[in-house]
Each structure stands twice: as structure tokens, then as C-alpha cells.
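**Student:** Here it is, the structure, as C-alpha cells.
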Amino acid sequence: MAVKQKILIVDDDDNIAELISLYLTKELYETRIAADGEAALEAFRSFGPDLILLDLMLPGIDGYEVCRRVRQESTTPIIMLSAKGETFDKVLGLELGADDYMIKPFDPKELVARVKAVLRRTAVTPAEPEKPAGEIAQYPGLTVNLTNYSVEYDGHSIYMPPKELELLYFLASQPNRVFTREQLLDHIWGYEYIGDTRTVDVHIKRLREKIKDHDEWAISTVWGIGYKFEVKS
């Protein structure tokens with residue numbers, strides 16, 4: 001029998017949390033509910049979820065801080081849930097490391113679909129056969145290894161959430177090719193992702209904070225079009 005994937009539901013509204021749990025349980029997920037930020041962090045460490053559904057407006061430690069602390073320890077996928085629909089709130093959530101952002105009220109069926117999509121995107125199966133050497137993009141001072149999801153920059157190992165690493169690899173594996181934001185959104189997040197191109201900009205910003213331009217290469221903006229990994233001659 002396959003092991004059930006575990007979902008941690010963090011919401012101080014009991015009715016919403018129970019409804020989400022009901023829908024996920026029907027899809028054969030194992031769920032646990034936490035009603036505040038401190039309980040969420042405790043459950044994250046004891047329950048070991050495969051994905052976290054995280055409300056932002058929580059008593060005590062808010063959802064943004066919970067996300068920040070989880071990201072210090074783990075790449076566990078996080079879908080933020082909030083009544084705040086402003087672009088600023090979405091961008092802040094993504095900058096802190098969230099994988100998706102849903103605005104309340106939402107259709108529970110759509111939430112389940114997004115949970116499945118995020119789990120598919122972030123799945124790394126240990127039993128998979130080793131990927132070919134072609135899954136490594138290497139340049140002076142930079143090695144992006146999609147086989148084991150690692151990045152070496154300037155002689156040091158750099159932590160990156162899966163989407164950041166996949167975006168960097170996708171660009172670096174096709175040097176000097178320009179991609180629109182829509183193309184990157186489709187290739188990295190998949191057609192199921194319901195988001196806007198600002199998601200790409202946020203992830204590029206985070207990459208640039210960790211990976212500075214080199215004398216021989218750079219993550220370049222092509223104004224009015226998108227981005228490319230530029231190899232300088």
C-alpha cells in the first residue's frame with residue numbers, strides 16, 4: 001500500500017480547516033490541523049508534512065513569519081491562503097518562499113487541484129534512476145545540478161527552493177536564448193499554475209540576490225520581452 005502524503009493545514013477558522021481536511025482526506029491525503037503559528041511550527045517538525053496550507057492571518061506568529069522560519073529549515077512546499085488579494089501581499093508571500101498563493105474565499109476543489117499540482121512539481125523521487133550528465137549546467141564559478149538539486153556558486157553551496165533552482169537551470173542550460181515571462185511560467189510552473197508573470201520577476205529577483213553576475217555570464221533582463229542567461233564572449 002502506498003504511503004499517504006501528509007498535508008498540514010494551518011488556519012484559525014475551524015470551519016475552513018475542517019472543510020479543507022475533509023476534501024483532502026477524500027483524496028487519500030493524511031491531514032493535520034494547526035490553529036496558530038506556534039502550533040504550526042510544532043506540527044511542521046513533528047508531523048513532517050509533504051505540503052503546508054498556510055493562512056496568513058494567524059494569532060500570535062503570523063503566516064509570513066511561519067513561512068520564513070520553515071524556509072530556514074526546509075523546502076517543504078507551501079501554499080499561502082489569504083483574504084488579502086493585493087499584489088504586494090502575493091509578492092511578499094512569494095519572496096518569502098511560498099510556492100503558490102490562493103485568495104479566500106476559494107473553491108475547495110480548486111485548492112485540491114493546486115495541492116496536487118504543487119506536489120507534482122516539487123516531487124523528487126529517491127528511487128529514480130540517476131539522471132544523465134546533461135542535467136548539469138556548469139560555468140566558471142557556477143554549477144547547477146538538477147540531478148541532486150544543488151547549486152555551487154563561487155566555491156560554496158547555495159540553498160535554493162526547487163522553483164528557483166529549476167528556473168536557474170532552465171535558463172543556464174540554454175545560454176543566450178531569450179524567454180518571455182509566459183514561457184518561463186509555463187516551463188517551470190506548468191500550465192496548471194494559476195498565477196501571473198510577476199511570479200517570474202520575483203524568482204529572478206531572488207536568484208540575483210544569491211547569484212551575482214560573473215565576468216563571463218549573467219542573468220540578464222531583455223526589456224519588454226523577458227530574461228536570458230547571457231554568456232559573454
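Naming scheme: A, B, ... for chains in displayed order of the C-alpha cells; residues 1 onward per chain; ligands 1 onward as shown.
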Residues at most 6 Å from region 72-87 of chain A, counting only C-alpha atoms, excluding those fewer than 3 positions away in the same chain, as a list in words?
**Tutor:**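 After dropping sequence-adjacent residues, the list is Leu51, Ile52, Leu53, Leu54, Asp55, Leu56, Arg69, Lys90, Ala98, Asp99, Asp100, Tyr101, Met102, Ile103, Lys104 and Pro161 of chain A.
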**Student:** Can you write out the residues you just picked, keeping N, CA, C and O atoms, as a tab-separated table (two decimals), in the first residue's frame?
**Tutor:**
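The result, stored in out.tsv:
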```tsv
chain	number	residue	atom	x	y	z
A	51	LEU	N	3.40	18.95	2.38
A	51	LEU	CA	2.96	20.26	1.91
A	51	LEU	C	2.24	20.97	3.05
A	51	LEU	O	1.60	20.33	3.88
A	52	ILE	N	2.36	22.31	3.08
A	52	ILE	CA	1.70	23.11	4.10
A	52	ILE	C	0.72	24.07	3.45
A	52	ILE	O	1.09	24.80	2.52
A	53	LEU	N	-0.52	24.07	3.92
A	53	LEU	CA	-1.52	25.08	3.55
A	53	LEU	C	-1.52	26.10	4.67
A	53	LEU	O	-1.89	25.78	5.81
A	54	LEU	N	-1.11	27.33	4.37
A	54	LEU	CA	-0.79	28.29	5.42
A	54	LEU	C	-1.60	29.56	5.31
A	54	LEU	O	-1.41	30.36	4.38
A	55	ASP	N	-2.52	29.75	6.26
A	55	ASP	CA	-3.26	31.01	6.34
A	55	ASP	C	-2.30	32.09	6.84
A	55	ASP	O	-1.42	31.83	7.66
A	56	LEU	N	-2.48	33.32	6.36
A	56	LEU	CA	-1.57	34.40	6.75
A	56	LEU	C	-1.99	35.08	8.05
A	56	LEU	O	-1.16	35.45	8.86
A	69	ARG	N	10.31	30.97	8.82
A	69	ARG	CA	11.01	30.01	9.69
A	69	ARG	C	11.06	28.62	9.05
A	69	ARG	O	12.07	27.92	9.18
A	90	LYS	N	0.82	39.16	-2.36
A	90	LYS	CA	1.23	37.98	-3.13
A	90	LYS	C	2.74	37.97	-3.31
A	90	LYS	O	3.39	36.94	-3.12
A	98	ALA	N	7.00	31.01	-0.63
A	98	ALA	CA	5.77	30.25	-0.91
A	98	ALA	C	5.78	29.75	-2.34
A	98	ALA	O	6.34	30.40	-3.24
A	99	ASP	N	5.16	28.61	-2.57
A	99	ASP	CA	5.09	28.02	-3.91
A	99	ASP	C	3.83	28.44	-4.66
A	99	ASP	O	3.79	28.37	-5.88
A	100	ASP	N	2.81	28.85	-3.94
A	100	ASP	CA	1.56	29.29	-4.57
A	100	ASP	C	0.82	30.15	-3.56
A	100	ASP	O	1.16	30.18	-2.37
A	101	TYR	N	-0.21	30.87	-4.04
A	101	TYR	CA	-0.94	31.82	-3.21
A	101	TYR	C	-2.39	31.79	-3.65
A	101	TYR	O	-2.70	32.01	-4.83
A	102	MET	N	-3.30	31.49	-2.74
A	102	MET	CA	-4.73	31.45	-3.05
A	102	MET	C	-5.48	32.48	-2.23
A	102	MET	O	-5.20	32.67	-1.05
A	103	ILE	N	-6.44	33.15	-2.88
A	103	ILE	CA	-7.21	34.19	-2.23
A	103	ILE	C	-8.54	33.61	-1.73
A	103	ILE	O	-9.23	32.90	-2.46
A	104	LYS	N	-8.86	33.90	-0.48
A	104	LYS	CA	-10.14	33.49	0.09
A	104	LYS	C	-11.23	34.47	-0.34
A	104	LYS	O	-10.96	35.67	-0.46
A	161	PRO	N	15.20	27.06	-3.02
A	161	PRO	CA	13.98	26.25	-3.14
A	161	PRO	C	13.90	25.66	-4.55
A	161	PRO	O	14.52	26.17	-5.49
```
**Student:** As a JSON list (two decimals) with N, CA, C and O atoms, in the first residue's frame, please: every residue in region 32-93 of chain A that a backbone DSSP assignment puts in alpha helix (DSSP H).
**Tutor:**
```json
[["chain", "number", "residue", "atom", "x", "y", "z"],
["A", 37, "GLY", "N", 0.26, 30.09, 14.76],
["A", 37, "GLY", "CA", 1.60, 29.98, 14.23],
["A", 37, "GLY", "C", 2.53, 29.09, 15.03],
["A", 37, "GLY", "O", 3.29, 28.29, 14.47],
["A", 38, "GLU", "N", 2.46, 29.19, 16.34],
["A", 38, "GLU", "CA", 3.33, 28.36, 17.18],
["A", 38, "GLU", "C", 2.99, 26.88, 17.02],
["A", 38, "GLU", "O", 3.89, 26.03, 16.89],
["A", 39, "ALA", "N", 1.69, 26.56, 17.00],
["A", 39, "ALA", "CA", 1.27, 25.17, 16.81],
["A", 39, "ALA", "C", 1.67, 24.67, 15.43],
["A", 39, "ALA", "O", 2.00, 23.50, 15.25],
["A", 40, "ALA", "N", 1.65, 25.58, 14.45],
["A", 40, "ALA", "CA", 2.05, 25.21, 13.09],
["A", 40, "ALA", "C", 3.51, 24.79, 13.03],
["A", 40, "ALA", "O", 3.86, 23.79, 12.39],
["A", 41, "LEU", "N", 4.37, 25.54, 13.69],
["A", 41, "LEU", "CA", 5.79, 25.22, 13.67],
["A", 41, "LEU", "C", 6.06, 23.91, 14.42],
["A", 41, "LEU", "O", 6.90, 23.11, 14.00],
["A", 42, "GLU", "N", 5.35, 23.69, 15.52],
["A", 42, "GLU", "CA", 5.50, 22.43, 16.24],
["A", 42, "GLU", "C", 5.04, 21.25, 15.39],
["A", 42, "GLU", "O", 5.69, 20.21, 15.32],
["A", 43, "ALA", "N", 3.89, 21.42, 14.71],
["A", 43, "ALA", "CA", 3.36, 20.35, 13.85],
["A", 43, "ALA", "C", 4.26, 20.11, 12.65],
["A", 43, "ALA", "O", 4.43, 18.97, 12.20],
["A", 44, "PHE", "N", 4.84, 21.19, 12.12],
["A", 44, "PHE", "CA", 5.77, 21.05, 10.99],
["A", 44, "PHE", "C", 6.92, 20.11, 11.35],
["A", 44, "PHE", "O", 7.31, 19.24, 10.57],
["A", 45, "ARG", "N", 7.44, 20.25, 12.56],
["A", 45, "ARG", "CA", 8.60, 19.44, 12.96],
["A", 45, "ARG", "C", 8.20, 18.03, 13.39],
["A", 45, "ARG", "O", 8.95, 17.08, 13.16],
["A", 46, "SER", "N", 7.03, 17.88, 13.99],
["A", 46, "SER", "CA", 6.62, 16.55, 14.49],
["A", 46, "SER", "C", 5.88, 15.73, 13.43],
["A", 46, "SER", "O", 6.03, 14.51, 13.37],
["A", 47, "PHE", "N", 5.10, 16.38, 12.61],
["A", 47, "PHE", "CA", 4.26, 15.71, 11.62],
["A", 47, "PHE", "C", 5.02, 15.43, 10.33],
["A", 47, "PHE", "O", 4.79, 14.44, 9.65],
["A", 63, "GLY", "N", 1.36, 34.14, 9.46],
["A", 63, "GLY", "CA", 1.74, 33.20, 8.41],
["A", 63, "GLY", "C", 3.03, 33.55, 7.71],
["A", 63, "GLY", "O", 3.79, 32.67, 7.31],
["A", 64, "TYR", "N", 3.30, 34.85, 7.53],
["A", 64, "TYR", "CA", 4.55, 35.25, 6.89],
["A", 64, "TYR", "C", 5.76, 34.78, 7.70],
["A", 64, "TYR", "O", 6.73, 34.27, 7.15],
["A", 65, "GLU", "N", 5.68, 34.96, 9.03],
["A", 65, "GLU", "CA", 6.79, 34.54, 9.88],
["A", 65, "GLU", "C", 6.91, 33.02, 9.92],
["A", 65, "GLU", "O", 8.03, 32.48, 9.94],
["A", 66, "VAL", "N", 5.78, 32.32, 9.92],
["A", 66, "VAL", "CA", 5.82, 30.85, 9.86],
["A", 66, "VAL", "C", 6.53, 30.41, 8.59],
["A", 66, "VAL", "O", 7.41, 29.53, 8.61],
["A", 67, "CYS", "N", 6.17, 31.02, 7.47],
["A", 67, "CYS", "CA", 6.81, 30.68, 6.19],
["A", 67, "CYS", "C", 8.31, 30.94, 6.25],
["A", 67, "CYS", "O", 9.11, 30.11, 5.82],
["A", 68, "ARG", "N", 8.69, 32.08, 6.81],
["A", 68, "ARG", "CA", 10.11, 32.43, 6.90],
["A", 68, "ARG", "C", 10.88, 31.39, 7.71],
["A", 68, "ARG", "O", 11.97, 30.96, 7.31],
["A", 69, "ARG", "N", 10.31, 30.97, 8.82],
["A", 69, "ARG", "CA", 11.01, 30.01, 9.69],
["A", 69, "ARG", "C", 11.06, 28.62, 9.05],
["A", 69, "ARG", "O", 12.07, 27.92, 9.18],
["A", 70, "VAL", "N", 9.99, 28.22, 8.39],
["A", 70, "VAL", "CA", 10.01, 26.93, 7.70],
["A", 70, "VAL", "C", 11.08, 26.93, 6.62],
["A", 70, "VAL", "O", 11.82, 25.95, 6.47],
["A", 71, "ARG", "N", 11.18, 28.04, 5.89],
["A", 71, "ARG", "CA", 12.16, 28.11, 4.81],
["A", 71, "ARG", "C", 13.60, 28.10, 5.32],
["A", 71, "ARG", "O", 14.52, 27.77, 4.58],
["A", 72, "GLN", "N", 13.81, 28.44, 6.56],
["A", 72, "GLN", "CA", 15.16, 28.35, 7.13],
["A", 72, "GLN", "C", 15.58, 26.91, 7.35],
["A", 72, "GLN", "O", 16.77, 26.62, 7.47],
["A", 73, "GLU", "N", 14.60, 26.00, 7.39],
["A", 73, "GLU", "CA", 14.88, 24.60, 7.69],
["A", 73, "GLU", "C", 14.57, 23.64, 6.54],
["A", 73, "GLU", "O", 15.11, 22.54, 6.51],
["A", 87, "THR", "N", -1.48, 42.80, -4.89],
["A", 87, "THR", "CA", -0.23, 42.31, -5.49],
["A", 87, "THR", "C", 0.90, 42.30, -4.48],
["A", 87, "THR", "O", 1.71, 41.36, -4.43],
["A", 88, "PHE", "N", 0.96, 43.32, -3.62],
["A", 88, "PHE", "CA", 2.04, 43.41, -2.63],
["A", 88, "PHE", "C", 2.06, 42.18, -1.74],
["A", 88, "PHE", "O", 3.11, 41.62, -1.45],
["A", 89, "ASP", "N", 0.86, 41.76, -1.30],
["A", 89, "ASP", "CA", 0.78, 40.61, -0.39],
["A", 89, "ASP", "C", 1.22, 39.33, -1.09],
["A", 89, "ASP", "O", 1.92, 38.49, -0.50],
["A", 90, "LYS", "N", 0.82, 39.16, -2.36],
["A", 90, "LYS", "CA", 1.23, 37.98, -3.13],
["A", 90, "LYS", "C", 2.74, 37.97, -3.31],
["A", 90, "LYS", "O", 3.39, 36.94, -3.12],
["A", 91, "VAL", "N", 3.28, 39.11, -3.70],
["A", 91, "VAL", "CA", 4.73, 39.20, -3.95],
["A", 91, "VAL", "C", 5.51, 38.91, -2.67],
["A", 91, "VAL", "O", 6.50, 38.17, -2.69],
["A", 92, "LEU", "N", 5.05, 39.47, -1.55],
["A", 92, "LEU", "CA", 5.75, 39.23, -0.28],
["A", 92, "LEU", "C", 5.73, 37.75, 0.05],
["A", 92, "LEU", "O", 6.75, 37.18, 0.46],
["A", 93, "GLY", "N", 4.58, 37.10, -0.14],
["A", 93, "GLY", "CA", 4.50, 35.67, 0.12],
["A", 93, "GLY", "C", 5.45, 34.87, -0.74],
["A", 93, "GLY", "O", 6.15, 33.97, -0.26]]
```
**Student:** Which of region 62-192 of chain A end up as strand (DSSP E) when DSSP is run on this backbone - answer as number ranges by chain?
**Tutor:** A: 78-82, 100-103, 136-139, 142-145, 150-153, 156-157, 179-180
**Student:** Given only C-alpha atoms as the basis, pick out the residue of A:Tyr149, A:Tyr23, A:Trp217, A:Trp189 nearest to Ile136 (chain A).
**Tutor:** A:Tyr149
**Student:** Can you tell me which residues surround Gly226 (chain A) at a distance of at most 6 Å, considering only C-alpha atoms, apart from same-chain residues fewer than 3 positions away, and format the answer as number ranges by chain?
**Tutor:** A: 179-181, 222
**Student:** For Leu58 (chain A), which residue among A:Ala35, A:Ile16, A:Leu96, A:Val202 is the nearest when counting only C-alpha atoms?
**Tutor:**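 Looking only at the distances to Leu58 (chain A), the closest residue turns out to be A:Ala35.
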